[in-house]
file start_17.txt (compact mmCIF, C-alpha atoms)
# COMPACT_ATOMS: atom_id res chain seq x y z
CA MET A 1 4.69 -13.27 -18.09
CA SER A 2 8.25 -12.50 -16.95
CA ASN A 3 10.66 -11.58 -19.71
CA SER A 4 13.62 -12.85 -17.72
CA SER A 5 14.43 -15.41 -20.42
CA ILE A 6 15.39 -12.47 -22.65
CA ARG A 7 19.07 -11.59 -22.53
CA HIS A 8 20.54 -8.24 -23.59
CA GLU A 9 24.13 -8.21 -24.81
CA VAL A 10 25.96 -5.02 -23.89
CA ASN A 11 29.65 -4.25 -23.95
CA ASN A 12 31.64 -4.72 -20.77
CA ASP A 13 31.67 -1.07 -19.76
CA VAL A 14 29.53 -0.65 -16.64
CA LEU A 15 28.70 2.97 -17.41
CA ASP A 16 27.48 1.93 -20.85
CA ALA A 17 25.38 -0.78 -19.20
CA ILE A 18 23.83 1.77 -16.84
CA ASP A 19 23.01 3.99 -19.82
CA TYR A 20 21.53 0.97 -21.59
CA CYS A 21 19.18 0.41 -18.63
CA TYR A 22 18.09 4.06 -18.87
CA ASP A 23 17.50 3.68 -22.61
CA GLN A 24 15.30 0.65 -22.01
CA GLY A 25 13.14 2.55 -19.48
CA TRP A 26 14.07 0.19 -16.65
CA THR A 27 14.86 2.77 -13.96
CA ASP A 28 13.03 4.90 -11.41
CA GLY A 29 14.98 7.91 -12.62
CA LEU A 30 18.12 7.03 -10.67
CA PRO A 31 20.92 4.85 -12.06
CA VAL A 32 20.51 1.12 -11.50
CA VAL A 33 22.97 -1.72 -11.03
CA PRO A 34 23.00 -3.54 -14.39
CA PRO A 35 21.19 -6.88 -13.86
CA GLU A 36 24.06 -9.13 -14.82
CA ALA A 37 23.22 -12.85 -14.84
CA SER A 38 25.60 -14.08 -12.12
CA ARG A 39 24.32 -11.52 -9.61
CA VAL A 40 20.75 -12.62 -10.21
CA GLU A 41 21.75 -16.24 -9.66
CA ALA A 42 23.18 -15.40 -6.21
CA PHE A 43 19.80 -13.98 -5.18
CA LEU A 44 17.93 -17.05 -6.33
CA GLN A 45 20.29 -19.31 -4.41
CA MET A 46 19.54 -17.29 -1.28
CA GLU A 47 15.80 -17.96 -1.76
CA GLY A 48 15.98 -21.64 -2.52
CA ARG A 49 12.68 -22.12 -4.32
CA PRO A 50 12.55 -22.58 -8.14
CA PRO A 51 12.99 -19.30 -10.09
CA GLU A 52 9.60 -19.66 -11.75
CA THR A 53 7.78 -19.72 -8.39
CA VAL A 54 5.00 -17.12 -8.46
CA ILE A 55 4.97 -14.92 -5.36
CA ALA A 56 2.44 -12.25 -6.35
CA HIS A 57 -0.19 -11.57 -8.97
CA HIS A 58 -1.50 -8.24 -10.21
CA PRO A 59 -5.28 -8.47 -10.53
CA ALA A 60 -5.60 -5.83 -13.25
CA THR A 61 -2.66 -6.55 -15.54
CA LYS A 62 -2.85 -10.30 -14.76
CA ILE A 63 0.92 -10.33 -14.52
CA ASP A 64 2.61 -12.80 -12.17
CA LEU A 65 5.71 -11.89 -10.22
CA THR A 66 8.17 -14.78 -10.16
CA LEU A 67 11.18 -15.12 -7.91
CA GLN A 68 13.34 -14.64 -11.01
CA GLY A 69 11.63 -11.37 -11.93
CA ALA A 70 11.90 -10.14 -8.35
CA ALA A 71 15.59 -11.08 -8.18
CA VAL A 72 16.47 -9.19 -11.36
CA ASN A 73 14.88 -6.01 -10.03
CA ALA A 74 16.38 -6.45 -6.55
CA VAL A 75 19.82 -6.59 -8.18
CA MET A 76 19.03 -3.39 -10.09
CA ALA A 77 17.92 -1.68 -6.87
CA GLY A 78 21.33 -2.35 -5.33
CA CYS A 79 20.23 -5.06 -2.89
CA LEU A 80 22.56 -7.69 -1.51
CA PRO A 81 21.40 -11.33 -1.78
CA GLU A 82 20.71 -11.50 1.96
CA TYR A 83 18.11 -8.73 1.61
CA PHE A 84 16.13 -10.70 -0.94
CA PRO A 85 13.92 -12.68 1.51
CA VAL A 86 12.54 -9.36 2.79
CA VAL A 87 11.59 -8.28 -0.73
CA VAL A 88 9.95 -11.65 -1.38
CA ALA A 89 7.99 -11.62 1.88
CA ALA A 90 6.83 -8.05 1.19
CA PHE A 91 5.29 -9.10 -2.13
CA GLU A 92 3.76 -12.21 -0.60
CA ALA A 93 2.07 -9.89 1.89
CA MET A 94 0.97 -7.41 -0.78
CA ALA A 95 -0.49 -10.27 -2.83
CA LYS A 96 -3.09 -10.90 -0.13
CA LYS A 97 -6.42 -9.65 -1.38
CA PRO A 98 -7.27 -7.14 1.39
CA PHE A 99 -4.10 -5.18 0.58
CA ASN A 100 -5.69 -4.24 -2.75
CA PHE A 101 -2.53 -4.29 -4.79
CA HIS A 102 -4.05 -2.75 -7.90
CA GLY A 103 -5.83 0.17 -6.28
CA SER A 104 -2.89 1.12 -4.12
CA THR A 105 -0.48 1.18 -7.06
CA ALA A 106 -2.74 3.00 -9.53
CA SER A 107 -4.69 5.57 -7.52
CA THR A 108 -4.53 9.36 -7.69
CA GLY A 109 -3.89 9.17 -3.93
CA GLY A 110 -0.17 8.63 -4.50
CA SER A 111 0.25 5.65 -2.23
CA ALA A 112 3.60 4.01 -1.54
CA PRO A 113 3.88 0.65 0.18
CA LEU A 114 5.54 1.26 3.54
CA LEU A 115 7.51 -1.79 4.72
CA VAL A 116 7.99 -2.19 8.47
CA VAL A 117 10.49 -4.95 9.30
CA SER A 118 10.53 -6.50 12.76
CA GLY A 119 12.66 -9.21 14.37
CA PRO A 120 16.22 -10.53 14.34
CA ILE A 121 16.75 -10.10 10.59
CA ILE A 122 17.17 -6.36 11.24
CA ASP A 123 20.56 -6.90 12.84
CA GLU A 124 21.44 -9.88 10.66
CA ILE A 125 21.33 -7.83 7.45
CA GLY A 126 22.27 -4.48 8.98
CA MET A 127 19.04 -2.55 8.64
CA ASN A 128 18.73 0.86 10.24
CA ALA A 129 16.17 1.22 13.02
CA GLY A 130 17.80 4.28 14.51
CA VAL A 131 18.83 7.79 13.59
CA ASN A 132 17.48 9.10 10.26
CA LEU A 133 15.08 6.16 10.12
CA PHE A 134 13.20 7.31 7.03
CA GLY A 135 16.22 9.03 5.50
CA PRO A 136 19.19 8.02 3.41
CA GLY A 137 22.38 6.27 4.45
CA ASN A 138 21.59 2.61 4.99
CA ARG A 139 21.92 0.23 2.07
CA ALA A 140 19.41 -2.38 3.26
CA ASN A 141 16.59 0.04 4.04
CA ALA A 142 17.16 2.05 0.87
CA THR A 143 17.53 -0.79 -1.59
CA ILE A 144 14.82 -3.11 -0.23
CA GLY A 145 12.33 -0.26 -0.56
CA ARG A 146 13.69 0.62 -3.97
CA ALA A 147 13.40 -2.98 -5.16
CA VAL A 148 9.69 -2.87 -4.34
CA ARG A 149 9.26 0.19 -6.56
CA LEU A 150 11.31 -1.23 -9.45
CA ILE A 151 9.22 -4.41 -9.40
CA ILE A 152 6.02 -2.35 -9.44
CA LEU A 153 7.40 -0.37 -12.40
CA ASN A 154 9.12 -3.05 -14.44
CA ILE A 155 7.13 -6.21 -13.72
CA PHE A 156 3.65 -4.88 -13.03
CA ARG A 157 3.94 -2.01 -15.53
CA MET A 158 2.53 0.60 -13.17
CA THR A 159 4.12 3.37 -15.18
CA PRO A 160 3.63 6.94 -13.91
CA GLY A 161 1.08 8.79 -16.01
CA ILE A 162 -0.14 5.60 -17.70
CA ALA A 163 -1.18 3.03 -15.11
CA ASP A 164 -0.01 4.96 -12.04
CA LYS A 165 -2.22 8.04 -11.90
CA SER A 166 -0.87 9.61 -8.67
CA THR A 167 -1.82 13.27 -8.60
CA GLN A 168 1.32 14.36 -6.74
CA GLY A 169 3.06 11.09 -5.92
CA ASN A 170 4.93 10.59 -2.68
CA PRO A 171 8.69 10.62 -1.91
CA GLY A 172 8.19 7.14 -0.46
CA LYS A 173 7.61 5.89 -3.98
CA TYR A 174 11.39 5.81 -4.41
CA SER A 175 11.87 3.78 -1.25
CA PHE A 176 9.79 3.40 1.94
CA CYS A 177 11.26 0.76 4.20
CA ILE A 178 12.04 0.99 7.92
CA ALA A 179 13.05 -1.31 10.74
CA GLU A 180 11.57 -1.47 14.24
CA ARG A 181 13.89 -0.43 17.06
CA ALA A 182 13.63 -3.34 19.49
CA ASP A 183 16.07 -2.00 22.09
CA LYS A 184 13.89 1.07 22.67
CA THR A 185 10.52 -0.69 22.46
CA PRO A 186 8.98 -0.87 25.94
CA TRP A 187 6.36 -3.37 24.81
CA GLN A 188 6.13 -6.48 22.67
CA CYS A 189 7.82 -6.04 19.29
CA LEU A 190 5.67 -6.13 16.18
CA ASN A 191 6.67 -9.64 15.06
CA GLU A 192 5.55 -11.06 18.42
CA GLU A 193 2.42 -8.94 18.48
CA LEU A 194 1.56 -10.52 15.12
CA GLY A 195 1.90 -13.95 16.72
CA TYR A 196 5.27 -15.01 15.34
CA PRO A 197 7.92 -16.60 17.57
CA THR A 198 10.63 -14.17 18.72
CA GLU A 199 13.16 -15.68 16.32
CA VAL A 200 10.91 -15.25 13.29
CA SER A 201 11.13 -11.88 11.56
CA SER A 202 8.22 -10.26 9.81
CA VAL A 203 7.49 -7.56 7.30
CA THR A 204 4.29 -5.55 7.41
CA VAL A 205 3.16 -3.69 4.32
CA PHE A 206 0.94 -0.65 4.55
CA ALA A 207 -0.35 1.33 1.57
CA GLY A 208 0.67 4.68 2.98
CA GLY A 209 0.18 8.29 2.12
CA GLY A 210 2.69 11.00 2.96
CA PHE A 211 4.92 11.20 6.01
CA VAL A 212 3.70 13.50 8.83
CA ASN A 213 6.27 14.60 11.40
CA VAL A 214 4.84 14.97 14.92
CA GLU A 215 6.97 17.25 17.07
CA ASN A 216 6.57 17.63 20.83
CA HIS A 217 9.58 18.51 22.94
CA GLY A 218 7.70 20.01 25.86
CA GLY A 219 5.20 17.32 26.77
CA ARG A 220 6.29 15.32 29.80
CA SER A 221 3.35 12.95 30.09
CA ALA A 222 2.00 10.18 27.93
CA GLU A 223 -1.20 12.14 27.48
CA ALA A 224 0.63 15.23 26.21
CA VAL A 225 2.63 13.27 23.64
CA LEU A 226 -0.25 11.09 22.53
CA GLU A 227 -2.70 13.98 22.20
CA THR A 228 -0.23 15.65 19.85
CA ILE A 229 0.01 12.51 17.73
CA ALA A 230 -3.76 12.03 17.77
CA ASP A 231 -4.21 15.59 16.55
CA ALA A 232 -1.94 14.87 13.58
CA MET A 233 -3.86 11.66 12.86
CA ALA A 234 -7.12 13.59 12.76
CA ASN A 235 -5.92 16.45 10.57
CA CYS A 236 -8.64 17.38 8.14
CA GLY A 237 -6.47 16.66 5.13
CA CYS A 238 -6.36 12.97 5.86
CA ILE A 239 -8.93 11.95 8.47
CA SER A 240 -10.86 8.93 7.24
CA ILE A 241 -11.94 5.50 8.38
CA GLY A 242 -8.67 4.08 7.00
CA GLN A 243 -5.82 2.60 9.02
CA SER A 244 -2.78 4.39 10.47
CA ALA A 245 0.90 3.82 11.06
CA VAL A 246 2.46 5.56 14.06
CA ILE A 247 6.22 5.42 14.58
CA LEU A 248 7.13 6.60 18.07
CA SER A 249 10.56 8.12 18.59
CA PRO A 250 12.52 6.53 21.46
CA GLU A 251 12.13 9.72 23.51
CA HIS A 252 8.37 9.72 23.14
CA ALA A 253 8.17 5.96 23.75
CA GLU A 254 10.08 6.36 27.02
CA ILE A 255 7.80 9.16 28.25
CA ILE A 256 4.75 7.07 27.42
CA ALA A 257 6.08 3.88 28.99
CA ASN A 258 7.05 5.79 32.16
CA SER A 259 3.38 6.66 32.51
CA SER A 260 2.62 2.92 32.59
CA PHE A 261 0.74 2.88 29.30
CA SER A 262 0.57 -0.56 27.70
CA LYS A 263 0.77 -0.85 23.93
CA SER A 264 -2.95 -1.49 23.65
CA ALA A 265 -3.65 1.48 25.95
CA VAL A 266 -1.61 3.70 23.64
CA LYS A 267 -3.64 2.57 20.65
CA GLU A 268 -6.90 3.07 22.51
CA PHE A 269 -5.87 6.58 23.56
CA LEU A 270 -4.89 7.49 20.00
CA PHE A 271 -8.12 6.15 18.56
CA GLU A 272 -10.27 7.92 21.14
CA HIS A 273 -8.53 11.27 20.64
CA ALA A 274 -8.00 11.20 16.86
CA SER A 275 -11.34 12.65 15.94
CA ARG A 276 -13.12 15.64 14.46
CA SER A 277 -16.71 16.72 14.79
CA GLU A 278 -19.28 15.77 12.20
CA ASP A 279 -20.12 19.47 11.83
CA MET A 280 -16.56 20.31 10.91
CA LEU A 281 -16.25 17.55 8.35
CA ARG A 282 -19.62 18.47 6.84
CA ARG A 283 -18.54 22.11 6.55
CA LEU A 284 -15.39 21.04 4.70
CA GLY A 285 -17.19 18.61 2.42
CA LYS A 286 -15.44 15.64 3.97
CA PHE A 287 -18.26 13.91 5.78
CA SER A 288 -19.50 10.57 4.48
CA ALA A 289 -22.52 9.33 6.38
CA ARG A 290 -22.16 5.86 4.91
CA GLU A 291 -18.58 5.52 6.15
CA TYR A 292 -18.85 7.13 9.56
CA ALA A 293 -22.00 5.15 10.34
CA LEU A 294 -19.67 2.14 10.62
CA GLN A 295 -18.08 3.71 13.72
CA GLU A 296 -21.37 4.10 15.61
CA ARG A 297 -19.92 7.12 17.45
CA GLU A 298 -20.85 10.74 17.89
CA ALA A 299 -17.59 12.21 16.58
CA CYS A 300 -15.71 11.08 13.50
CA HIS A 301 -12.62 9.08 14.46
CA ARG A 302 -9.66 7.99 12.41
CA GLY A 303 -10.10 4.28 11.58
CA LEU A 304 -12.75 1.98 12.97
CA SER A 305 -11.01 0.88 16.15
CA ALA A 306 -7.72 0.94 18.04
CA ASP A 307 -6.70 -2.20 16.17
CA ASP A 308 -6.39 -0.10 13.01
CA ILE A 309 -3.23 1.52 14.37
CA LEU A 310 0.17 0.03 13.59
CA LEU A 311 2.44 1.13 16.45
CA VAL A 312 6.22 0.68 16.44
CA VAL A 313 9.24 2.48 17.86
CA GLY A 314 12.01 3.76 15.61
CA GLY A 315 14.50 6.56 15.11
CA GLY A 316 17.44 8.14 16.92
CA ASP A 317 17.86 8.50 20.67
CA ALA A 318 17.50 12.26 20.64
CA GLY A 319 14.49 14.24 19.55
CA GLY A 320 10.82 14.55 20.27
CA HIS A 321 9.91 13.64 16.71
CA SER A 322 7.51 10.82 16.07
CA SER A 323 5.63 10.27 12.84
CA PHE A 324 2.24 9.38 11.52
CA ILE A 325 1.54 7.91 8.10
CA PRO A 326 -2.08 7.86 6.98
CA SER A 327 -3.51 5.11 4.88
CA TRP A 328 -3.80 5.72 1.17
CA SER A 329 -7.34 4.42 1.36
CA ARG A 330 -9.98 6.80 2.64
CA THR A 331 -12.18 3.81 3.36
CA ARG A 332 -11.40 0.16 4.02
CA ALA A 333 -10.09 -0.40 0.49
CA SER A 334 -6.63 -1.46 1.61
CA MET A 335 -5.74 -3.25 4.82
CA MET A 336 -2.16 -3.70 6.02
CA GLN A 337 -0.78 -7.21 5.70
CA SER A 338 2.14 -9.08 7.24
CA GLU A 339 4.30 -12.04 6.30
CA ALA A 340 7.08 -14.01 7.98
CA ILE A 341 10.47 -13.50 6.35
CA GLY A 342 12.32 -16.48 4.96
CA VAL A 343 10.19 -19.15 6.60
CA CYS A 344 6.84 -20.70 5.86
CA ILE A 345 4.78 -20.63 9.05
CA ASP A 346 1.94 -22.69 7.58
CA CYS A 347 4.11 -25.36 5.88
CA MET B 1 28.14 -8.37 -20.44
CA GLN B 2 24.78 -10.11 -20.51
CA LEU B 3 21.85 -8.41 -18.79
CA ILE B 4 18.63 -10.16 -17.84
CA ASP B 5 15.46 -8.40 -18.89
CA PRO B 6 13.69 -7.07 -15.75
CA THR B 7 10.27 -6.56 -17.30
CA ALA B 8 7.17 -8.66 -17.84
CA THR B 9 4.49 -8.78 -20.48
CA SER B 10 0.83 -8.74 -19.64
CA PRO B 11 -0.88 -11.95 -20.80
CA THR B 12 -3.45 -11.57 -23.53
CA GLN B 13 -6.87 -11.10 -22.03
CA HIS B 14 -9.94 -12.00 -24.03
CA HIS B 15 -12.66 -9.59 -23.04
CA GLN B 16 -15.98 -9.57 -24.86
CA LEU B 17 -18.45 -6.75 -24.94
CA ALA B 18 -22.00 -7.54 -23.90
CA PRO B 19 -24.43 -7.79 -26.83
CA ARG B 20 -25.44 -4.28 -27.98
CA LEU B 21 -29.01 -3.23 -27.30
CA THR B 22 -30.95 -2.35 -30.44
CA GLU B 23 -33.60 -0.35 -28.62
CA LEU B 24 -33.48 1.61 -25.34
CA ARG B 25 -37.09 2.69 -25.16
CA ALA B 26 -38.76 1.91 -21.81
CA LEU B 27 -35.99 -0.38 -20.62
CA ARG B 28 -35.06 -0.63 -16.95
CA ILE B 29 -31.68 0.73 -15.84
CA GLY B 30 -29.59 -0.75 -13.03
CA LEU B 31 -27.08 1.52 -11.33
CA LEU B 32 -23.73 0.35 -9.95
CA CYS B 33 -21.88 3.00 -7.98
CA ASN B 34 -18.19 2.74 -7.07
CA GLY B 35 -18.98 4.33 -3.73
CA LYS B 36 -17.01 7.55 -4.09
CA ALA B 37 -18.52 10.84 -3.05
CA ASN B 38 -19.56 12.16 -6.45
CA ALA B 39 -20.35 8.91 -8.23
CA ARG B 40 -23.97 8.79 -7.11
CA SER B 41 -24.68 12.25 -8.55
CA LEU B 42 -23.02 11.38 -11.83
CA LEU B 43 -24.95 8.12 -12.10
CA LEU B 44 -28.32 9.69 -11.33
CA LYS B 45 -27.79 12.56 -13.76
CA THR B 46 -26.77 10.15 -16.51
CA ALA B 47 -29.71 7.87 -15.82
CA GLU B 48 -32.03 10.87 -15.90
CA LEU B 49 -30.94 11.56 -19.49
CA PHE B 50 -32.04 8.05 -20.47
CA ARG B 51 -35.33 8.59 -18.66
CA LEU B 52 -36.01 11.82 -20.52
CA HIS B 53 -34.88 10.71 -23.97
CA ASP B 54 -35.92 7.06 -23.98
CA GLN B 55 -38.53 6.80 -21.24
CA CYS B 56 -36.30 4.35 -19.37
CA GLU B 57 -37.21 3.30 -15.87
CA ILE B 58 -34.52 3.77 -13.21
CA ASP B 59 -34.14 1.01 -10.65
CA PRO B 60 -34.18 3.00 -7.39
CA ASP B 61 -32.06 0.46 -5.55
CA ILE B 62 -28.56 1.68 -6.40
CA VAL B 63 -25.84 -0.86 -5.68
CA PHE B 64 -22.75 0.56 -3.94
CA LYS B 65 -19.49 -1.29 -4.14
CA ASN B 66 -17.70 -1.68 -0.81
CA ASN B 67 -14.37 -0.96 -2.44
CA ALA B 68 -14.05 1.64 -5.19
CA SER B 69 -10.81 0.26 -6.56
CA ALA B 70 -11.71 -3.41 -6.66
CA PRO B 71 -14.19 -5.33 -8.81
CA ALA B 72 -17.75 -5.61 -7.55
CA GLU B 73 -18.21 -8.37 -5.01
CA ASP B 74 -19.18 -11.84 -6.23
CA GLY B 75 -22.78 -12.08 -7.34
CA VAL B 76 -23.48 -8.34 -7.34
CA ILE B 77 -23.49 -7.93 -11.12
CA ALA B 78 -25.56 -11.08 -11.64
CA GLU B 79 -28.12 -9.94 -9.10
CA LEU B 80 -28.34 -6.51 -10.70
CA ALA B 81 -28.81 -8.14 -14.09
CA THR B 82 -31.90 -9.98 -12.88
CA ARG B 83 -33.73 -6.71 -12.18
CA SER B 84 -32.54 -4.51 -15.03
CA ASP B 85 -32.21 -4.55 -18.82
CA PHE B 86 -28.94 -2.64 -18.88
CA MET B 87 -26.60 -1.16 -16.35
CA ILE B 88 -24.68 2.05 -15.90
CA THR B 89 -21.64 2.26 -13.69
CA ALA B 90 -19.77 5.40 -12.72
CA ASN B 91 -16.57 6.55 -11.14
CA GLY B 92 -16.75 9.89 -9.39
CA ASP B 93 -13.69 11.05 -7.48
call {"tool": "encode", "arguments": {"input": "start_17.txt", "output": "structure tokens"}}
result
Amino acid sequence: MSNSSIRHEVNNDVLDAIDYCYDQGWTDGLPVVPPEASRVEAFLQMEGRPPETVIAHHPATKIDLTLQGAAVNAVMAGCLPEYFPVVVAAFEAMAKKPFNFHGSTASTGGSAPLLVVSGPIIDEIGMNAGVNLFGPGNRANATIGRAVRLIILNIFRMTPGIADKSTQGNPGKYSFCIAERADKTPWQCLNEELGYPTEVSSVTVFAGGGFVNVENHGGRSAEAVLETIADAMANCGCISIGQSAVILSPEHAEIIANSSFSKSAVKEFLFEHASRSEDMLRRLGKFSAREYALQEREACHRGLSADDILLVVGGGDAGGHSSFIPSWSRTRASMMQSEAIGVCIDC
Amino acid sequence: MQLIDPTATSPTQHHQLAPRLTELRALRIGLLCNGKANARSLLLKTAELFRLHDQCEIDPDIVFKNNASAPAEDGVIAELATRSDFMITANGD
């Protein structure tokens, strides 16, 4: 049950209010914007639905996330009201059962929900799809991702060391939100690939592990670049039958597209080449007969098929640096989910 | 300045323990495994203790959950209950 009916009177000094938020245990370790009532109201007006509308439910704590609870935490994260529909859509996606909201927020694996935003909202709210994609500097990317974490902490009570048992955590647990770079995408953008009209934006949530940089400045063919990425995807520290997120840098995307690879061909190539031998995985204690039997293949591949790879383009113009993010789940315990932003497709 | 509380309280959940067994001797044990790599070993070793100390019979048909971090699929527990007197479940990371 949301405690948003509870009001806390503090004096009018903003620094005192920030300290008050620390004292209450409401932060992620960084200072928050004090959740003053009028700011919260502006977020709810942006959404339009009643504040008590439930948008997500935590299966273990049985706590519901209401729009009001989400708005309070989005204010604290530093969001602007126009960012709020992205936060809401992200939780509506995470609330879908296959995402496994409880496991991905509690596990020793240290998962962080990666948000990949696609469509016109990126420019409308000023998200960064370019240089320093995963890094600091853009308010929308940083605060939307941070709002997700504050909601997980404050609403769902996934407190580190108590309900969140991450062994080492993940820097993405502060904020993990990127935008797709449409102008450098040689194929269909993600929102269209998901079946949404071009004008409808989407957010895809993926319970991700740590960020893996994939560097290749010498490869001049699609095969050279993709083999490098596939090798990272199959590294013995994270190979599993779980899903993958691959973010191609514009340079790599151009090389690949110049070789006439379609998007589906890229995924097929990555799936076929992201593999290790059964012998190797057995030697390392990482072979699971029950899981790899699902692939019906000789070698052990990452994922179960090419469809398990989320492929988008993002980052700055210069640099042969793409990235791979493995799934938190070593099995099929969490599947990425998507949701339209700010519109109800089924209504 | 008036701040809105950003937290939530977990609703009260009324969980009841299953009735306690008064006697373990010669009962049949069902095994529910979360599917992780070491869970099967832990389950079998635990069940073996009951076999040695209480002459329990171990149901050889271990049930594996498809998802270690989610509840057992619908009907799995009920089905296991029909062929065992008590059940052991294990997490093994």
call {"tool": "interface_residues", "arguments": {"input": "start_17.txt", "of": "chain A", "to": "chain B", "cutoff": "6 Å", "atoms": "only C-alpha atoms", "output": "tab-separated table (two decimals) with C-alpha atoms, in the frame of the given file"}}
result
chain	number	residue	atom	x	y	z
A	1	MET	CA	4.69	-13.27	-18.09
A	2	SER	CA	8.25	-12.50	-16.95
A	3	ASN	CA	10.66	-11.58	-19.71
A	4	SER	CA	13.62	-12.85	-17.72
A	6	ILE	CA	15.39	-12.47	-22.65
A	7	ARG	CA	19.07	-11.59	-22.53
A	8	HIS	CA	20.54	-8.24	-23.59
A	9	GLU	CA	24.13	-8.21	-24.81
A	10	VAL	CA	25.96	-5.02	-23.89
A	11	ASN	CA	29.65	-4.25	-23.95
A	12	ASN	CA	31.64	-4.72	-20.77
A	35	PRO	CA	21.19	-6.88	-13.86
A	36	GLU	CA	24.06	-9.13	-14.82
A	61	THR	CA	-2.66	-6.55	-15.54
A	63	ILE	CA	0.92	-10.33	-14.52
A	72	VAL	CA	16.47	-9.19	-11.36
A	73	ASN	CA	14.88	-6.01	-10.03
A	103	GLY	CA	-5.83	0.17	-6.28
A	154	ASN	CA	9.12	-3.05	-14.44
A	155	ILE	CA	7.13	-6.21	-13.72
A	333	ALA	CA	-10.09	-0.40	0.49
call {"tool": "residues_near_point", "arguments": {"input": "start_17.txt", "point": "(-9.4, 13.1, 12.7)", "cutoff": "12 Å", "atoms": "all atoms listed in the file", "output": "count of residues only"}}
result
40
call {"tool": "closest_residue", "arguments": {"input": "start_17.txt", "among": "B:Arg40, B:His14, B:Arg20, B:Arg25", "to": "Asp61 of chain B", "atoms": "all atoms listed in the file"}}
result
B:Arg40
call {"tool": "closest_residue", "arguments": {"input": "start_17.txt", "among": "A:Val117, A:Ile325, A:Ala182, A:Ala42", "to": "Asn170 of chain A", "atoms": "all atoms listed in the file"}}
result
A:Ile325
call {"tool": "residues_near_point", "arguments": {"input": "start_17.txt", "point": "(17.5, 4.5, 14.7)", "cutoff": "7 Å", "atoms": "all atoms listed in the file", "output": "NGL selection string"}}
result
:A and (128-133 or 181 or 314-316)
call {"tool": "write_last_selection", "arguments": {"input": "start_17.txt", "atoms": "C-alpha atoms", "output": "compact mmCIF listing (two decimals), in the frame of the given file"}}
result
# COMPACT_ATOMS: atom_id res chain seq x y z
CA ASN A 128 18.73 0.86 10.24
CA ALA A 129 16.17 1.22 13.02
CA GLY A 130 17.80 4.28 14.51
CA VAL A 131 18.83 7.79 13.59
CA ASN A 132 17.48 9.10 10.26
CA LEU A 133 15.08 6.16 10.12
CA ARG A 181 13.89 -0.43 17.06
CA GLY A 314 12.01 3.76 15.61
CA GLY A 315 14.50 6.56 15.11
CA GLY A 316 17.44 8.14 16.92
call {"tool": "atom_distance", "arguments": {"input": "start_17.txt", "atom1": "atom CA of Ala90 of chain A", "atom2": "atom CA of Glu180 of chain A"}}
result
15.4 Å
call {"tool": "closest_residue", "arguments": {"input": "start_17.txt", "among": "B:Ile58, B:Thr22, B:Leu80, B:Phe64", "to": "Ala39 of chain B", "atoms": "all atoms listed in the file"}}
result
B:Phe64
call {"tool": "atom_distance", "arguments": {"input": "start_17.txt", "atom1": "atom CA of Ile255 of chain A", "atom2": "atom CA of Asn213 of chain A"}}
result
17.8 Å
call {"tool": "residues_around", "arguments": {"input": "start_17.txt", "residues": "Ser262 of chain A", "least_positions_apart": "2", "cutoff": "12 Å", "atoms": "only C-alpha atoms", "output": "PyMOL selection string"}}
result
chain A and resi 185-188+222+253-254+256-260+264-269+311
call {"tool": "residues_around", "arguments": {"input": "start_17.txt", "residues": "Tyr196 of chain A", "least_positions_apart": "2", "cutoff": "12 Å", "atoms": "only C-alpha atoms", "output": "PyMOL selection string"}}
result
chain A and resi 118-120+188-194+198-203+338-341+343-346
call {"tool": "residues_around", "arguments": {"input": "start_17.txt", "residues": "Arg139 of chain A", "least_positions_apart": "3", "cutoff": "8 Å", "atoms": "all atoms listed in the file", "output": "ChimeraX atom specification"}}
result
/A:78-79,127,142-143
call {"tool": "write_last_selection", "arguments": {"input": "start_17.txt", "atoms": "C-alpha atoms", "output": "short mmCIF file (atom, residue, chain, number, x, y, z; two decimals), in the coordinates of the input"}}
result
data_model
loop_
_atom_site.label_atom_id
_atom_site.label_comp_id
_atom_site.auth_asym_id
_atom_site.auth_seq_id
_atom_site.Cartn_x
_atom_site.Cartn_y
_atom_site.Cartn_z
CA GLY A 78 21.33 -2.35 -5.33
CA CYS A 79 20.23 -5.06 -2.89
CA MET A 127 19.04 -2.55 8.64
CA ALA A 142 17.16 2.05 0.87
CA THR A 143 17.53 -0.79 -1.59
#
